[in-house]
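Chemist: One structure follows; several queries about it will come next.
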Amino acid sequence: MYIMPRDGLLDYIELPAPDIVATKRFYGNVFGWTFTDYGPEYVEFDSGGRKGGFNADRKVVGGGGALMVLWADDLDTTETKVRSAGAEITENHSFPGGRRFHFLDPNGNEVAVWSDK
């Protein structure tokens, strides 16, 4: 029986979030994420069993950092929800195999959403 090695597998992602309240409202309303608070400066998110955290002590530094990429079954509907929640769409393009858009979350983190449809 083959056992997949665990060393090096992505386990958790943590992003800067100076405004925890706005962050929870945005990701909860747009994507339906749930949250566990660990004090006023840190919240863990659950995105369908994939977890990470938002840390108020970490600061967004310019562009070019790590890019969190989310999936959407219906990219147009998701983009409408992201825009309606007040996020700035910064990029929108097609590529071989799909298309995606990028936006800035309430903390200035760049996030992408893609679909193969």
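By convention in this document, the chains of the structure tokens carry letters A, B, ... by their order, each chain's residues are numbered from 1, and ligands are numbered from 1 in the order they are shown.
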Hey, what does DSSP flag as strand (DSSP E) within chain A? Can you give it to me as a VMD selection string?

Modeler: chain A and resid 13 to 16 34 to 37 42 to 47 50 to 55 68 to 71 88 to 95 98 to 104 110 to 115

Chemist: For A:Phe35, work out the shell of residues within 7 Å, counting only C-alpha atoms and skipping chain neighbours fewer than 4 positions away, then give it as a PyMOL selection string.

Modeler: chain A and resi 43-46

Chemist: Go ahead and dump the residues you just picked, all heavy atoms, as a short mmCIF file (atom, residue, chain, number, x, y, z; two decimals), in the first residue's frame.

Modeler:
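Just written: selection-v7.cif:
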```cif
data_model
loop_
_atom_site.label_atom_id
_atom_site.label_comp_id
_atom_site.auth_asym_id
_atom_site.auth_seq_id
_atom_site.Cartn_x
_atom_site.Cartn_y
_atom_site.Cartn_z
N VAL A 43 -8.08 35.16 13.91
CA VAL A 43 -9.26 34.33 13.64
C VAL A 43 -8.85 33.24 12.64
O VAL A 43 -8.11 33.49 11.69
CB VAL A 43 -10.43 35.18 13.10
CG1 VAL A 43 -10.11 35.82 11.76
CG2 VAL A 43 -11.71 34.35 13.01
N GLU A 44 -9.31 32.03 12.91
CA GLU A 44 -9.09 30.93 11.97
C GLU A 44 -10.31 30.84 11.07
O GLU A 44 -11.45 31.01 11.52
CB GLU A 44 -8.93 29.62 12.75
CG GLU A 44 -8.69 28.42 11.83
CD GLU A 44 -8.50 27.14 12.63
OE1 GLU A 44 -9.51 26.62 13.14
OE2 GLU A 44 -7.35 26.69 12.73
N PHE A 45 -10.09 30.58 9.78
CA PHE A 45 -11.21 30.37 8.87
C PHE A 45 -11.28 28.91 8.45
O PHE A 45 -10.29 28.20 8.48
CB PHE A 45 -11.12 31.29 7.64
CG PHE A 45 -9.97 31.00 6.71
CD1 PHE A 45 -10.04 29.99 5.77
CD2 PHE A 45 -8.83 31.79 6.75
CE1 PHE A 45 -8.99 29.74 4.89
CE2 PHE A 45 -7.77 31.56 5.88
CZ PHE A 45 -7.85 30.53 4.96
N ASP A 46 -12.49 28.51 8.07
CA ASP A 46 -12.72 27.17 7.54
C ASP A 46 -13.43 27.35 6.21
O ASP A 46 -14.53 27.90 6.14
CB ASP A 46 -13.57 26.34 8.49
CG ASP A 46 -13.69 24.88 8.05
OD1 ASP A 46 -13.81 24.63 6.84
OD2 ASP A 46 -13.68 24.01 8.93
#
```

Chemist: Using DSSP assignments from the backbone, pull out every residue in stretch 18-99 of chain A that falls under helix (DSSP H, G or I) and give it to me as a list in words.

Modeler: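 Across stretch 18-99 of chain A, those assigned helix (DSSP H, G or I) are Ile20, Val21, Ala22, Thr23, Lys24, Arg25, Phe26, Tyr27, Gly28, Asn29, Val30, Phe31, Leu75, Asp76, Thr77, Thr78, Glu79, Thr80, Lys81, Val82, Arg83 and Ser84 of chain A.
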
Chemist: Have a look at A:Glu88, A:Asp57, A:Glu110, A:Asp105 and name the one nearest to A:Glu41; count only C-alpha atoms.

Modeler: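 Using only C-alpha atoms, the shortest distance to A:Glu41 belongs to A:Asp57.
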
Chemist: So, with only C-alpha atoms as the atoms that count, which of A:Tyr2, A:Trp71, A:Tyr27, A:Trp33 lies closest to A:Arg99?

Modeler: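 Under the stated criterion, the closest residue is A:Trp71.
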
Chemist: If you count only C-alpha atoms, which residues fall within 12 Å of A:Ser84, apart from same-chain ones fewer than 6 positions away, as a PyMOL selection string?

Modeler: chain A and resi 26+29-30+77-78

Chemist: Output N, CA and C atoms for every residue in that selection, as a PDB file, in the first residue's frame.

Modeler:
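Contents of part-v2.pdb, as written:
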```
ATOM      1  N   PHE A  26     -16.556  40.071   5.177  1.00  0.00           N
ATOM      2  CA  PHE A  26     -16.345  39.900   3.739  1.00  0.00           C
ATOM      3  C   PHE A  26     -16.340  38.427   3.345  1.00  0.00           C
ATOM      4  N   ASN A  29     -19.726  36.584   4.129  1.00  0.00           N
ATOM      5  CA  ASN A  29     -20.830  36.939   3.232  1.00  0.00           C
ATOM      6  C   ASN A  29     -20.605  36.471   1.804  1.00  0.00           C
ATOM      7  N   VAL A  30     -19.401  36.637   1.305  1.00  0.00           N
ATOM      8  CA  VAL A  30     -19.135  36.318  -0.108  1.00  0.00           C
ATOM      9  C   VAL A  30     -18.952  34.819  -0.333  1.00  0.00           C
ATOM     10  N   THR A  77     -20.955  34.917 -11.291  1.00  0.00           N
ATOM     11  CA  THR A  77     -21.735  35.150 -10.071  1.00  0.00           C
ATOM     12  C   THR A  77     -20.822  35.478  -8.903  1.00  0.00           C
ATOM     13  N   THR A  78     -19.706  34.766  -8.800  1.00  0.00           N
ATOM     14  CA  THR A  78     -18.764  35.030  -7.719  1.00  0.00           C
ATOM     15  C   THR A  78     -18.162  36.422  -7.855  1.00  0.00           C
TER      16      THR A  78
END
```

Chemist: Which of these, A:Leu15, A:Val82, A:Val60, A:Val69, has the shortest distance to A:Arg100 once you count only C-alpha atoms?

Modeler: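 Checking each candidate against A:Arg100, we get A:Val69 as the closest.
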